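Engineer: Please find my_file-v2.txt (compact mmCIF, C-alpha atoms) on the next line:
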```txt
# COMPACT_ATOMS: atom_id res chain seq x y z
CA MET A 669 24.76 -9.67 7.71
CA ILE A 670 23.56 -6.05 7.71
CA ARG A 671 20.11 -5.43 9.14
CA SER A 672 18.04 -2.81 7.33
CA LYS A 673 14.62 -1.32 7.75
CA ALA A 674 12.46 -1.41 4.63
CA TYR A 675 8.91 -1.30 3.30
CA ALA A 676 7.49 -4.41 1.64
CA ALA A 677 4.32 -5.89 0.19
CA GLN A 678 3.60 -9.35 1.61
CA ASN A 679 1.12 -10.20 -1.14
CA LYS A 680 -0.64 -8.46 -4.02
CA THR A 681 -3.41 -7.00 -1.84
CA SER A 682 -1.54 -6.20 1.39
CA GLY A 683 -0.15 -2.81 0.51
CA LEU A 684 3.36 -1.85 1.63
CA ALA A 685 4.26 -1.83 5.31
CA PRO A 686 7.37 -1.83 7.52
CA PHE A 687 9.65 -4.81 7.00
CA GLU A 688 13.13 -5.85 8.11
CA LEU A 689 15.63 -7.38 5.70
CA TYR A 690 19.29 -8.38 5.72
CA ARG A 691 22.00 -7.37 3.27
CA ARG A 692 25.27 -9.24 2.80
CA GLU A 693 28.47 -7.79 4.20
CA PRO A 694 30.41 -6.17 1.32
CA ALA A 695 32.65 -8.62 -0.56
CA ALA A 696 35.91 -7.54 -2.18
CA ASP A 697 34.16 -6.04 -5.24
CA ASP A 698 31.08 -4.68 -3.44
CA VAL A 699 29.92 -1.16 -2.65
CA GLN A 700 27.53 -0.50 0.23
CA ILE A 701 25.32 2.57 -0.17
CA GLU A 702 23.30 4.39 2.46
CA ILE A 703 20.12 5.14 0.50
CA LEU A 704 19.12 8.80 0.73
CA TYR A 705 16.39 8.94 -1.91
CA CYS A 706 14.48 6.40 -3.97
CA GLY A 707 12.22 7.25 -6.89
CA VAL A 708 8.82 5.62 -7.27
CA CYS A 709 8.33 3.95 -10.65
CA HIS A 710 5.13 2.57 -12.20
CA SER A 711 6.99 -0.77 -12.32
CA ASP A 712 7.11 -0.73 -8.52
CA LEU A 713 3.33 -0.60 -8.39
CA HIS A 714 2.86 -3.31 -11.05
CA THR A 715 5.22 -5.63 -9.19
CA ALA A 716 4.03 -5.00 -5.63
CA ARG A 717 0.39 -5.46 -6.66
CA GLY A 718 1.07 -8.58 -8.71
CA GLU A 719 -0.06 -6.99 -11.98
CA TRP A 720 2.98 -8.37 -13.76
CA PRO A 721 3.66 -12.13 -13.58
CA ASN A 722 6.00 -13.87 -11.14
CA THR A 723 6.22 -11.31 -8.35
CA LEU A 724 8.30 -12.69 -5.48
CA TYR A 725 6.98 -11.82 -2.03
CA PRO A 726 7.83 -10.20 0.22
CA SER A 727 8.40 -7.51 -2.42
CA VAL A 728 10.61 -4.51 -1.60
CA PRO A 729 10.42 -2.29 -4.69
CA GLY A 730 12.65 0.60 -5.72
CA HIS A 731 15.18 0.85 -8.54
CA GLU A 732 15.83 4.60 -8.71
CA ILE A 733 18.36 4.71 -5.91
CA VAL A 734 20.77 7.47 -4.95
CA GLY A 735 22.82 7.73 -1.81
CA ARG A 736 26.23 7.91 -0.24
CA VAL A 737 28.86 5.17 -0.17
CA CYS A 738 29.33 3.94 3.39
CA ALA A 739 31.65 0.94 2.80
CA VAL A 740 33.69 -0.55 -0.04
CA GLY A 741 35.40 -3.89 -0.62
CA SER A 742 39.17 -4.25 -0.87
CA GLN A 743 39.16 -4.46 -4.69
CA VAL A 744 36.87 -1.48 -5.34
CA ARG A 745 38.66 1.26 -7.26
CA ARG A 746 36.02 3.71 -8.59
CA PHE A 747 34.34 4.54 -5.28
CA LYS A 748 35.39 5.56 -1.80
CA VAL A 749 33.46 6.12 1.40
CA GLY A 750 31.55 9.39 1.20
CA ASP A 751 31.05 9.40 -2.59
CA LEU A 752 27.62 9.92 -4.10
CA ALA A 753 26.44 6.86 -6.01
CA GLY A 754 23.40 5.43 -7.74
CA VAL A 755 21.83 2.06 -8.50
CA GLY A 756 19.30 1.56 -11.28
CA CYS A 757 17.17 -1.33 -12.46
CA MET A 758 19.88 -4.05 -12.49
CA ILE A 759 22.39 -5.33 -9.98
CA ASP A 760 23.91 -8.19 -12.02
CA SER A 761 23.92 -10.09 -15.32
CA CYS A 762 25.72 -13.15 -16.67
CA GLY A 763 28.62 -11.00 -17.92
CA HIS A 764 29.61 -13.27 -20.81
CA CYS A 765 26.77 -13.44 -23.35
CA HIS A 766 26.77 -11.39 -26.57
CA SER A 767 24.64 -8.60 -25.08
CA CYS A 768 26.69 -8.31 -21.89
CA ALA A 769 29.93 -8.24 -23.92
CA GLU A 770 28.55 -5.25 -25.83
CA GLY A 771 27.52 -3.37 -22.68
CA GLU A 772 23.82 -4.12 -23.17
CA GLU A 773 23.27 -6.00 -19.93
CA GLN A 774 19.55 -5.20 -19.96
CA TYR A 775 19.21 -7.68 -22.86
CA CYS A 776 21.33 -10.38 -21.19
CA GLU A 777 20.49 -13.68 -22.90
CA ASN A 778 20.64 -15.44 -19.53
CA GLY A 779 18.54 -12.82 -17.78
CA PHE A 780 19.79 -9.84 -15.79
CA THR A 781 19.16 -9.70 -12.05
CA GLY A 782 16.71 -6.97 -11.16
CA THR A 783 17.40 -4.65 -8.26
CA TYR A 784 14.20 -6.11 -6.86
CA ASN A 785 12.21 -9.25 -7.68
CA GLY A 786 15.28 -11.32 -8.55
CA PRO A 787 16.64 -12.66 -11.86
CA VAL A 788 14.46 -12.27 -14.95
CA PHE A 789 14.30 -16.03 -15.59
CA GLY A 790 13.74 -16.99 -11.97
CA GLY A 791 15.91 -17.30 -8.91
CA GLU A 792 16.40 -15.93 -5.42
CA ASN A 793 14.49 -12.78 -4.50
CA THR A 794 16.25 -9.42 -4.39
CA TYR A 795 15.19 -6.38 -2.39
CA GLY A 796 15.16 -2.86 -3.79
CA GLY A 797 15.53 0.71 -2.69
CA TYR A 798 12.61 1.15 -0.30
CA SER A 799 15.20 0.39 2.38
CA GLN A 800 17.99 1.99 4.36
CA THR A 801 20.97 0.46 2.59
CA ILE A 802 21.95 -1.73 -0.35
CA VAL A 803 25.08 -3.70 -1.28
CA VAL A 804 25.89 -3.98 -4.99
CA LYS A 805 28.99 -5.07 -6.87
CA GLU A 806 31.00 -2.15 -8.17
CA SER A 807 30.38 -2.83 -11.87
CA PHE A 808 26.67 -2.10 -11.40
CA VAL A 809 27.07 1.08 -9.33
CA LEU A 810 26.81 4.48 -11.06
CA GLN A 811 28.73 7.65 -10.35
CA ILE A 812 26.63 10.74 -9.61
CA ARG A 813 28.11 14.04 -10.80
CA HIS A 814 25.14 16.30 -10.07
CA ALA A 815 25.33 18.59 -7.06
CA ALA A 816 24.36 17.01 -3.75
CA ASP A 817 21.44 19.46 -3.47
CA ASP A 818 19.93 17.89 -6.60
CA LEU A 819 20.13 14.32 -5.33
CA ALA A 820 16.39 13.78 -4.83
CA ARG A 821 15.69 15.03 -8.36
CA VAL A 822 18.45 12.82 -9.78
CA ALA A 823 16.92 9.60 -8.45
CA PRO A 824 14.34 9.15 -11.26
CA LEU A 825 17.09 9.38 -13.86
CA LEU A 826 18.10 5.84 -12.83
CA CYS A 827 14.96 4.48 -14.53
CA ALA A 828 12.86 7.21 -16.17
CA GLY A 829 15.98 8.96 -17.44
CA ILE A 830 17.68 5.96 -19.01
CA THR A 831 14.40 4.49 -20.31
CA THR A 832 13.93 7.59 -22.47
CA TYR A 833 17.59 8.40 -23.18
CA SER A 834 18.45 4.97 -24.57
CA PRO A 835 15.96 4.91 -27.47
CA LEU A 836 16.56 8.56 -28.27
CA ARG A 837 20.27 7.81 -28.64
CA HIS A 838 19.77 4.47 -30.41
CA TRP A 839 17.60 6.05 -33.11
CA ARG A 840 20.03 8.98 -33.43
CA VAL A 841 17.76 11.79 -32.35
CA GLY A 842 19.40 15.18 -32.67
CA PRO A 843 19.52 18.38 -34.71
CA GLY A 844 17.48 18.14 -37.90
CA THR A 845 15.07 15.51 -36.55
CA THR A 846 11.49 15.99 -35.45
CA VAL A 847 10.67 13.87 -32.41
CA GLY A 848 7.28 13.15 -30.91
CA ILE A 849 6.89 12.34 -27.23
CA VAL A 850 3.57 10.67 -26.36
CA GLY A 851 2.46 11.35 -22.80
CA LEU A 852 3.71 13.81 -20.21
CA GLY A 853 4.12 11.68 -17.12
CA GLY A 854 7.12 10.33 -15.26
CA LEU A 855 8.72 8.99 -18.44
CA GLY A 856 7.36 11.55 -20.88
CA HIS A 857 8.58 14.63 -19.07
CA MET A 858 12.10 13.16 -19.07
CA GLY A 859 11.76 12.34 -22.78
CA VAL A 860 10.87 15.96 -23.54
CA LYS A 861 13.81 17.30 -21.53
CA ILE A 862 16.36 14.90 -23.01
CA ALA A 863 15.15 15.19 -26.64
CA HIS A 864 15.32 18.97 -26.32
CA ALA A 865 18.86 18.81 -24.92
CA LEU A 866 19.87 16.53 -27.82
CA GLY A 867 18.87 19.30 -30.21
CA ALA A 868 15.73 17.81 -31.77
CA GLN A 869 12.53 19.62 -32.69
CA VAL A 870 10.25 18.23 -29.97
CA VAL A 871 6.51 17.74 -30.35
CA LEU A 872 4.60 16.69 -27.24
CA PHE A 873 1.42 14.66 -27.80
CA THR A 874 -0.90 14.80 -24.82
CA THR A 875 -4.56 14.08 -24.12
CA SER A 876 -4.59 16.91 -21.55
CA PRO A 877 -4.95 20.52 -22.77
CA GLY A 878 -3.96 21.55 -19.25
CA LYS A 879 -0.44 20.24 -19.90
CA ILE A 880 0.29 22.51 -22.88
CA ALA A 881 2.06 25.21 -20.86
CA ASP A 882 4.02 22.70 -18.81
CA GLY A 883 5.09 20.83 -21.92
CA ARG A 884 6.56 24.01 -23.34
CA ARG A 885 8.24 24.82 -20.02
CA LEU A 886 9.93 21.41 -20.05
CA GLY A 887 11.30 21.87 -23.57
CA ALA A 888 8.62 20.99 -26.14
CA ASP A 889 8.73 23.23 -29.20
CA GLU A 890 5.16 22.29 -30.11
CA VAL A 891 2.28 20.65 -28.25
CA CYS A 892 -0.50 18.66 -29.92
CA VAL A 893 -3.67 17.67 -28.07
CA SER A 894 -4.03 14.13 -29.36
CA THR A 895 -7.80 13.96 -28.85
CA ASP A 896 -8.21 16.74 -31.44
CA ASP A 897 -8.36 15.09 -34.87
CA ALA A 898 -7.52 18.30 -36.70
CA GLN A 899 -4.40 18.87 -34.63
CA MET A 900 -3.27 15.28 -35.17
CA ALA A 901 -3.89 15.46 -38.92
CA ALA A 902 -1.57 18.46 -39.14
CA TYR A 903 1.35 16.21 -38.16
CA ALA A 904 0.69 13.44 -40.71
CA ASN A 905 3.96 12.24 -42.33
CA ARG A 906 5.97 14.91 -40.49
CA VAL A 907 7.67 13.13 -37.59
CA ASP A 908 10.95 11.18 -37.79
CA PHE A 909 10.70 9.32 -34.49
CA ILE A 910 8.03 8.91 -31.82
CA LEU A 911 8.71 7.81 -28.26
CA ASP A 912 5.52 6.44 -26.72
CA THR A 913 5.69 6.53 -22.91
CA VAL A 914 2.05 5.77 -22.12
CA ALA A 915 1.53 2.78 -19.81
CA VAL A 916 -2.12 2.03 -20.64
CA PRO A 917 -3.46 0.35 -23.80
CA HIS A 918 -4.21 2.83 -26.60
CA ASP A 919 -4.50 3.17 -30.39
CA LEU A 920 -1.04 3.08 -31.97
CA ASP A 921 -2.34 3.69 -35.50
CA ALA A 922 -3.02 7.32 -34.68
CA TYR A 923 0.72 7.82 -34.10
CA LEU A 924 2.00 5.58 -36.88
CA SER A 925 0.29 7.81 -39.43
CA LEU A 926 2.33 10.78 -38.19
CA LEU A 927 5.66 9.15 -39.10
CA LYS A 928 7.61 9.88 -42.24
CA ARG A 929 8.75 7.02 -44.45
CA ASP A 930 11.13 4.79 -42.47
CA GLY A 931 10.01 6.41 -39.22
CA THR A 932 9.96 4.49 -35.94
CA LEU A 933 7.40 4.36 -33.14
CA ALA A 934 9.29 3.14 -30.06
CA LEU A 935 7.32 1.87 -27.08
CA VAL A 936 8.70 2.26 -23.57
CA GLY A 937 5.45 2.38 -21.60
CA ALA A 938 4.52 -1.09 -20.36
CA PRO A 939 0.74 -1.52 -19.95
CA ALA A 940 -0.71 -4.41 -17.98
CA ALA A 941 -2.78 -5.42 -21.06
CA PRO A 942 -1.81 -5.37 -24.77
CA HIS A 943 -2.40 -2.43 -27.10
CA PRO A 944 -5.18 -2.95 -29.67
CA ALA A 945 -3.95 -4.62 -32.87
CA GLY A 946 -2.87 -2.07 -35.48
CA ASN A 947 -3.50 -1.66 -39.21
CA VAL A 948 -0.68 -3.31 -41.11
CA PHE A 949 -1.06 -0.85 -44.01
CA ASN A 950 0.08 1.94 -41.70
CA LEU A 951 3.40 0.07 -41.58
CA ILE A 952 3.93 -1.36 -45.04
CA LEU A 953 2.93 1.67 -47.13
CA LYS A 954 5.65 3.84 -45.55
CA ARG A 955 8.11 1.17 -44.31
CA ARG A 956 7.40 2.32 -40.77
CA ARG A 957 8.35 0.35 -37.67
CA ILE A 958 6.97 -0.35 -34.23
CA ALA A 959 9.86 -1.04 -31.86
CA GLY A 960 10.50 -1.40 -28.15
CA SER A 961 13.30 -0.40 -25.82
CA LEU A 962 14.26 -1.54 -22.32
CA ILE A 963 16.16 0.80 -19.97
CA GLY A 964 19.89 0.82 -20.92
CA GLY A 965 23.14 -0.91 -20.08
CA ILE A 966 25.42 0.26 -17.31
CA ARG A 967 27.78 2.06 -19.69
CA GLU A 968 24.90 3.92 -21.35
CA THR A 969 23.29 4.71 -18.00
CA GLN A 970 26.53 6.35 -16.87
CA GLU A 971 26.62 8.25 -20.18
CA MET A 972 23.06 9.44 -19.52
CA LEU A 973 23.89 10.59 -16.00
CA ASP A 974 26.91 12.51 -17.24
CA PHE A 975 24.87 14.06 -20.09
CA CYS A 976 22.16 15.13 -17.65
CA ALA A 977 24.72 16.59 -15.24
CA GLU A 978 26.30 18.54 -18.10
CA HIS A 979 22.94 19.88 -19.28
CA GLN A 980 21.54 20.37 -15.75
CA ILE A 981 18.69 17.93 -16.38
CA VAL A 982 16.85 16.54 -13.38
CA SER A 983 13.36 15.20 -12.82
CA ASP A 984 10.40 17.24 -11.62
CA ILE A 985 9.40 15.56 -8.37
CA GLU A 986 7.25 15.49 -5.28
CA VAL A 987 9.18 14.27 -2.22
CA ILE A 988 7.22 12.01 0.12
CA PRO A 989 7.83 10.10 3.37
CA ILE A 990 7.90 6.30 3.15
CA ASP A 991 4.62 5.89 5.05
CA TYR A 992 2.83 7.77 2.23
CA ILE A 993 3.74 5.15 -0.37
CA ASN A 994 0.37 3.42 -0.65
CA VAL A 995 -1.36 6.76 -1.17
CA ALA A 996 1.29 7.66 -3.75
CA TYR A 997 0.55 4.45 -5.68
CA ASP A 998 -3.14 5.34 -5.85
CA ARG A 999 -2.31 8.87 -6.95
CA MET A 1000 -0.01 7.50 -9.66
CA LEU A 1001 -2.90 5.48 -11.05
CA ASN A 1002 -4.89 8.72 -11.28
CA SER A 1003 -1.96 10.60 -12.90
CA ASP A 1004 -1.94 12.87 -9.87
CA VAL A 1005 1.77 13.67 -9.69
CA LYS A 1006 4.08 16.12 -11.43
CA TYR A 1007 5.99 14.10 -12.43
CA ARG A 1008 7.68 11.59 -10.17
CA PHE A 1009 7.35 10.70 -6.52
CA VAL A 1010 10.65 10.37 -4.66
CA ILE A 1011 10.89 8.90 -1.17
CA ASP A 1012 13.04 10.70 1.37
CA MET A 1013 14.57 7.64 3.01
CA ALA A 1014 15.39 9.59 6.18
CA SER A 1015 11.69 9.06 6.94
CA LEU A 1016 12.35 5.31 7.23
CA ARG A 1017 14.33 5.79 10.43
CA ASP A 1018 11.14 6.58 12.34
CA ALA A 1019 8.86 4.17 10.44
```
Can you dump the structure from the file as structure tokens?
Structural biologist:
Amino acid sequence: MIRSKAYAAQNKTSGLAPFELYRREPAADDVQIEILYCGVCHSDLHTARGEWPNTLYPSVPGHEIVGRVCAVGSQVRRFKVGDLAGVGCMIDSCGHCHSCAEGEEQYCENGFTGTYNGPVFGGENTYGGYSQTIVVKESFVLQIRHAADDLARVAPLLCAGITTYSPLRHWRVGPGTTVGIVGLGGLGHMGVKIAHALGAQVVLFTTSPGKIADGRRLGADEVCVSTDDAQMAAYANRVDFILDTVAVPHDLDAYLSLLKRDGTLALVGAPAAPHPAGNVFNLILKRRRIAGSLIGGIRETQEMLDFCAEHQIVSDIEVIPIDYINVAYDRMLNSDVKYRFVIDMASLRDA
């Protein structure tokens, strides 16, 4: 077994603190990665603090992992020692259901295995990227083609990047489409960048007038302050697709009314409580849809990473040491980050 330093929550109120865990020695099809950077996702906070059901403690969060390969099994062909590599939200799935066969492992009918907090439908705990090293089978390891100097800013692509890329691709966003992005946080700022690179006309919807300039810097063609009724009314029936990244309950009807006929409002933000019930006439009178989307499969995640490398897309980040993580969680709750925290895992050596 491989001993590794980590940070873990022992229960929902303990906060995260130093912890020691053990990884398996690499099997024939395994890749061991020395973790260099790990992004901090809102899901980490929800899980560590028990805000989502069935948290397994001790909880070692982290599923935006980038690092360098330090060992490979005898059957590994795509990676060698020294390569840059990434691990996202999943480390396994059943491999034989309909969804897995189509490369949509995130919808595995038998439940994918999360990088942390174990299998979706229950099972042995797994430990994530707030640690020195991780061992993952090759089929769930991603190749990183960005420059090594960008590695910290690449980390959030493993969750925030694919969470926004997947629905934008699924609903065929591109030239000739008008796309709304709701919220300019960790997910939203990636949605703006990726939708812009796909060639869409991008409208950012934000409650914060102070984010207008930043929204345009990131790639929004237009910015609408969503608390201004007149500004919102100007977009009625104008938008083809809306990606809602907000992770707190809010009124969806305000955005449904902006969609054209057959438009889709796709939810990727995951609030701890449900959104208020909507007005069904906002749906049926224009054949509009409310949909959801969950990360992406391994094949699509690699496609996203390659697309972002080609278009020089990375996340806007604030790098922190591991012992700052509890403060970072509190700041996330107050939207006090532009736009993603990333842990420099070198700081774990002295923790």
Engineer: Smallest atom-to-atom distance to A:Ala934: which of A:Leu836, A:Met758, A:Ala888, A:Leu872, using all atoms listed in the file?
Structural biologist: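 Closest to A:Ala934, using all atoms listed in the file: A:Leu836.
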Engineer: Excluding A:Val871 and its own-chain neighbours fewer than 2 positions away, which residues fall within 10 Å of it when counting all atoms listed in the file? Please give them as a list in words.
Structural biologist: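 So, after excluding close chain neighbours, the residues are Thr846, Val847, Gly848, Ile849, Val850, Val860, Ala863, His864, Ala868, Gln869, Phe873, Thr874, Gly883, Arg884, Gly887, Ala888, Asp889, Glu890, Val891, Cys892, Tyr903, Val907 and Ile910 of chain A.
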Engineer: Please compute the atom CA of A:Gln743-atom CA of A:Leu826 distance, one decimal, in Å.
Structural biologist: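 Separation between atom CA of A:Gln743 and atom CA of A:Leu826: 24.8 Å.
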Engineer: Rank A:Ser742, A:Ser807, A:Ser834, A:Ser682 by their smallest atom-to-atom distance to A:Arg717, using all atoms listed in the file, and report the top residue only.
Structural biologist: A:Ser682
Engineer: Which residue gives the smallest distance to A:Arg821 among A:Ser1015, A:Gln678, A:Ser983, A:Asn1002, with all atoms listed in the file counted?
Structural biologist: A:Ser983
Engineer: Take atom CA of A:Ile802 and atom CA of A:Glu702 and report the distance between them in Å, one decimal.
Structural biologist: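 Interatomic distance here is 6.9 Å.
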Engineer: For A:Thr681, please output as a list in words all residues within 9 Å (counting only C-alpha atoms; exclusion window: fewer than 2 positions along the same chain).
Structural biologist: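 Close residues of A:Thr681: Ala677, Gln678, Asn679, Gly683, Ala716, Arg717 and Gly718 of chain A.
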Engineer: Measure the distance from atom CA of A:Trp720 to atom CA of A:Glu986 in Å and round it to one decimal.
Structural biologist: 25.7 Å
Engineer: So that I can check the surroundings of A:Val914, please list as a short mmCIF file (atom, residue, chain, number, x, y, z; two decimals) with C-alpha atoms, in the frame of the given file every protein, DNA and RNA residue that reaches within 10 Å of it, counting all atoms listed in the file and ignoring chain neighbours fewer than 2 positions away.
Structural biologist:
```
data_model
loop_
_atom_site.label_atom_id
_atom_site.label_comp_id
_atom_site.auth_asym_id
_atom_site.auth_seq_id
_atom_site.Cartn_x
_atom_site.Cartn_y
_atom_site.Cartn_z
CA ILE A 849 6.89 12.34 -27.23
CA VAL A 850 3.57 10.67 -26.36
CA GLY A 851 2.46 11.35 -22.80
CA LEU A 852 3.71 13.81 -20.21
CA GLY A 853 4.12 11.68 -17.12
CA GLY A 854 7.12 10.33 -15.26
CA LEU A 855 8.72 8.99 -18.44
CA GLY A 856 7.36 11.55 -20.88
CA THR A 874 -0.90 14.80 -24.82
CA LEU A 911 8.71 7.81 -28.26
CA ASP A 912 5.52 6.44 -26.72
CA VAL A 916 -2.12 2.03 -20.64
CA PRO A 917 -3.46 0.35 -23.80
CA HIS A 918 -4.21 2.83 -26.60
CA LEU A 935 7.32 1.87 -27.08
CA VAL A 936 8.70 2.26 -23.57
CA GLY A 937 5.45 2.38 -21.60
CA ALA A 938 4.52 -1.09 -20.36
CA PRO A 939 0.74 -1.52 -19.95
#
```
Engineer: Which residue is closest to A:Ala904? Choose from A:Ala922, A:Ala695, A:Ile880, A:Cys706 and count all atoms listed in the file.
Structural biologist: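 Checking each of A:Ala922, A:Ala695, A:Ile880, A:Cys706 against A:Ala904, counting all atoms listed in the file, the winner is A:Ala922.
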Engineer: Output file request: stretch 758-774 of chain A, with N, CA, C and O atoms, as a PDB file, in the first residue's frame.
Structural biologist:
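Saved to part-v3.pdb:
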```pdb
ATOM      1  N   MET A 758     -15.051  10.910 -11.908  1.00  0.00           N
ATOM      2  CA  MET A 758     -15.286   9.461 -11.847  1.00  0.00           C
ATOM      3  C   MET A 758     -13.978   8.710 -11.934  1.00  0.00           C
ATOM      4  O   MET A 758     -13.053   9.134 -12.626  1.00  0.00           O
ATOM      5  N   ILE A 759     -13.938   7.558 -11.261  1.00  0.00           N
ATOM      6  CA  ILE A 759     -12.770   6.682 -11.393  1.00  0.00           C
ATOM      7  C   ILE A 759     -13.163   5.276 -11.830  1.00  0.00           C
ATOM      8  O   ILE A 759     -12.293   4.428 -12.014  1.00  0.00           O
ATOM      9  N   ASP A 760     -14.468   5.029 -12.031  1.00  0.00           N
ATOM     10  CA  ASP A 760     -14.907   3.712 -12.503  1.00  0.00           C
ATOM     11  C   ASP A 760     -16.392   3.754 -12.821  1.00  0.00           C
ATOM     12  O   ASP A 760     -17.111   4.681 -12.413  1.00  0.00           O
ATOM     13  N   SER A 761     -16.856   2.753 -13.567  1.00  0.00           N
ATOM     14  CA  SER A 761     -18.278   2.523 -13.812  1.00  0.00           C
ATOM     15  C   SER A 761     -18.426   1.051 -14.152  1.00  0.00           C
ATOM     16  O   SER A 761     -17.428   0.319 -14.235  1.00  0.00           O
ATOM     17  N   CYS A 762     -19.654   0.597 -14.372  1.00  0.00           N
ATOM     18  CA  CYS A 762     -19.840  -0.844 -14.602  1.00  0.00           C
ATOM     19  C   CYS A 762     -19.208  -1.300 -15.913  1.00  0.00           C
ATOM     20  O   CYS A 762     -18.793  -2.446 -16.042  1.00  0.00           O
ATOM     21  N   GLY A 763     -19.168  -0.414 -16.924  1.00  0.00           N
ATOM     22  CA  GLY A 763     -18.509  -0.731 -18.179  1.00  0.00           C
ATOM     23  C   GLY A 763     -19.320  -1.532 -19.172  1.00  0.00           C
ATOM     24  O   GLY A 763     -18.866  -1.740 -20.300  1.00  0.00           O
ATOM     25  N   HIS A 764     -20.532  -1.968 -18.788  1.00  0.00           N
ATOM     26  CA  HIS A 764     -21.281  -2.832 -19.720  1.00  0.00           C
ATOM     27  C   HIS A 764     -22.740  -2.437 -19.917  1.00  0.00           C
ATOM     28  O   HIS A 764     -23.426  -3.040 -20.740  1.00  0.00           O
ATOM     29  N   CYS A 765     -23.225  -1.438 -19.188  1.00  0.00           N
ATOM     30  CA  CYS A 765     -24.618  -1.018 -19.390  1.00  0.00           C
ATOM     31  C   CYS A 765     -24.702  -0.177 -20.665  1.00  0.00           C
ATOM     32  O   CYS A 765     -23.701   0.144 -21.309  1.00  0.00           O
ATOM     33  N   HIS A 766     -25.944   0.197 -21.028  1.00  0.00           N
ATOM     34  CA  HIS A 766     -26.188   0.945 -22.255  1.00  0.00           C
ATOM     35  C   HIS A 766     -25.415   2.266 -22.253  1.00  0.00           C
ATOM     36  O   HIS A 766     -24.778   2.635 -23.253  1.00  0.00           O
ATOM     37  N   SER A 767     -25.459   2.989 -21.124  1.00  0.00           N
ATOM     38  CA  SER A 767     -24.787   4.283 -21.069  1.00  0.00           C
ATOM     39  C   SER A 767     -23.274   4.136 -21.169  1.00  0.00           C
ATOM     40  O   SER A 767     -22.610   4.884 -21.900  1.00  0.00           O
ATOM     41  N   CYS A 768     -22.710   3.172 -20.453  1.00  0.00           N
ATOM     42  CA  CYS A 768     -21.262   2.964 -20.516  1.00  0.00           C
ATOM     43  C   CYS A 768     -20.824   2.575 -21.926  1.00  0.00           C
ATOM     44  O   CYS A 768     -19.783   3.036 -22.416  1.00  0.00           O
ATOM     45  N   ALA A 769     -21.631   1.732 -22.595  1.00  0.00           N
ATOM     46  CA  ALA A 769     -21.292   1.298 -23.955  1.00  0.00           C
ATOM     47  C   ALA A 769     -21.263   2.474 -24.920  1.00  0.00           C
ATOM     48  O   ALA A 769     -20.544   2.438 -25.932  1.00  0.00           O
ATOM     49  N   GLU A 770     -22.028   3.523 -24.616  1.00  0.00           N
ATOM     50  CA  GLU A 770     -22.071   4.702 -25.487  1.00  0.00           C
ATOM     51  C   GLU A 770     -21.109   5.795 -25.029  1.00  0.00           C
ATOM     52  O   GLU A 770     -21.148   6.913 -25.547  1.00  0.00           O
ATOM     53  N   GLY A 771     -20.252   5.494 -24.060  1.00  0.00           N
ATOM     54  CA  GLY A 771     -19.291   6.486 -23.587  1.00  0.00           C
ATOM     55  C   GLY A 771     -19.901   7.546 -22.701  1.00  0.00           C
ATOM     56  O   GLY A 771     -19.360   8.634 -22.560  1.00  0.00           O
ATOM     57  N   GLU A 772     -21.023   7.216 -22.060  1.00  0.00           N
ATOM     58  CA  GLU A 772     -21.711   8.150 -21.154  1.00  0.00           C
ATOM     59  C   GLU A 772     -21.675   7.581 -19.740  1.00  0.00           C
ATOM     60  O   GLU A 772     -22.698   7.378 -19.087  1.00  0.00           O
ATOM     61  N   GLU A 773     -20.464   7.326 -19.263  1.00  0.00           N
ATOM     62  CA  GLU A 773     -20.306   6.641 -17.973  1.00  0.00           C
ATOM     63  C   GLU A 773     -20.933   7.405 -16.813  1.00  0.00           C
ATOM     64  O   GLU A 773     -21.283   6.808 -15.794  1.00  0.00           O
ATOM     65  N   GLN A 774     -21.097   8.715 -16.961  1.00  0.00           N
ATOM     66  CA  GLN A 774     -21.692   9.498 -15.873  1.00  0.00           C
ATOM     67  C   GLN A 774     -23.153   9.130 -15.634  1.00  0.00           C
ATOM     68  O   GLN A 774     -23.709   9.418 -14.572  1.00  0.00           O
TER      69      GLN A 774
END
```
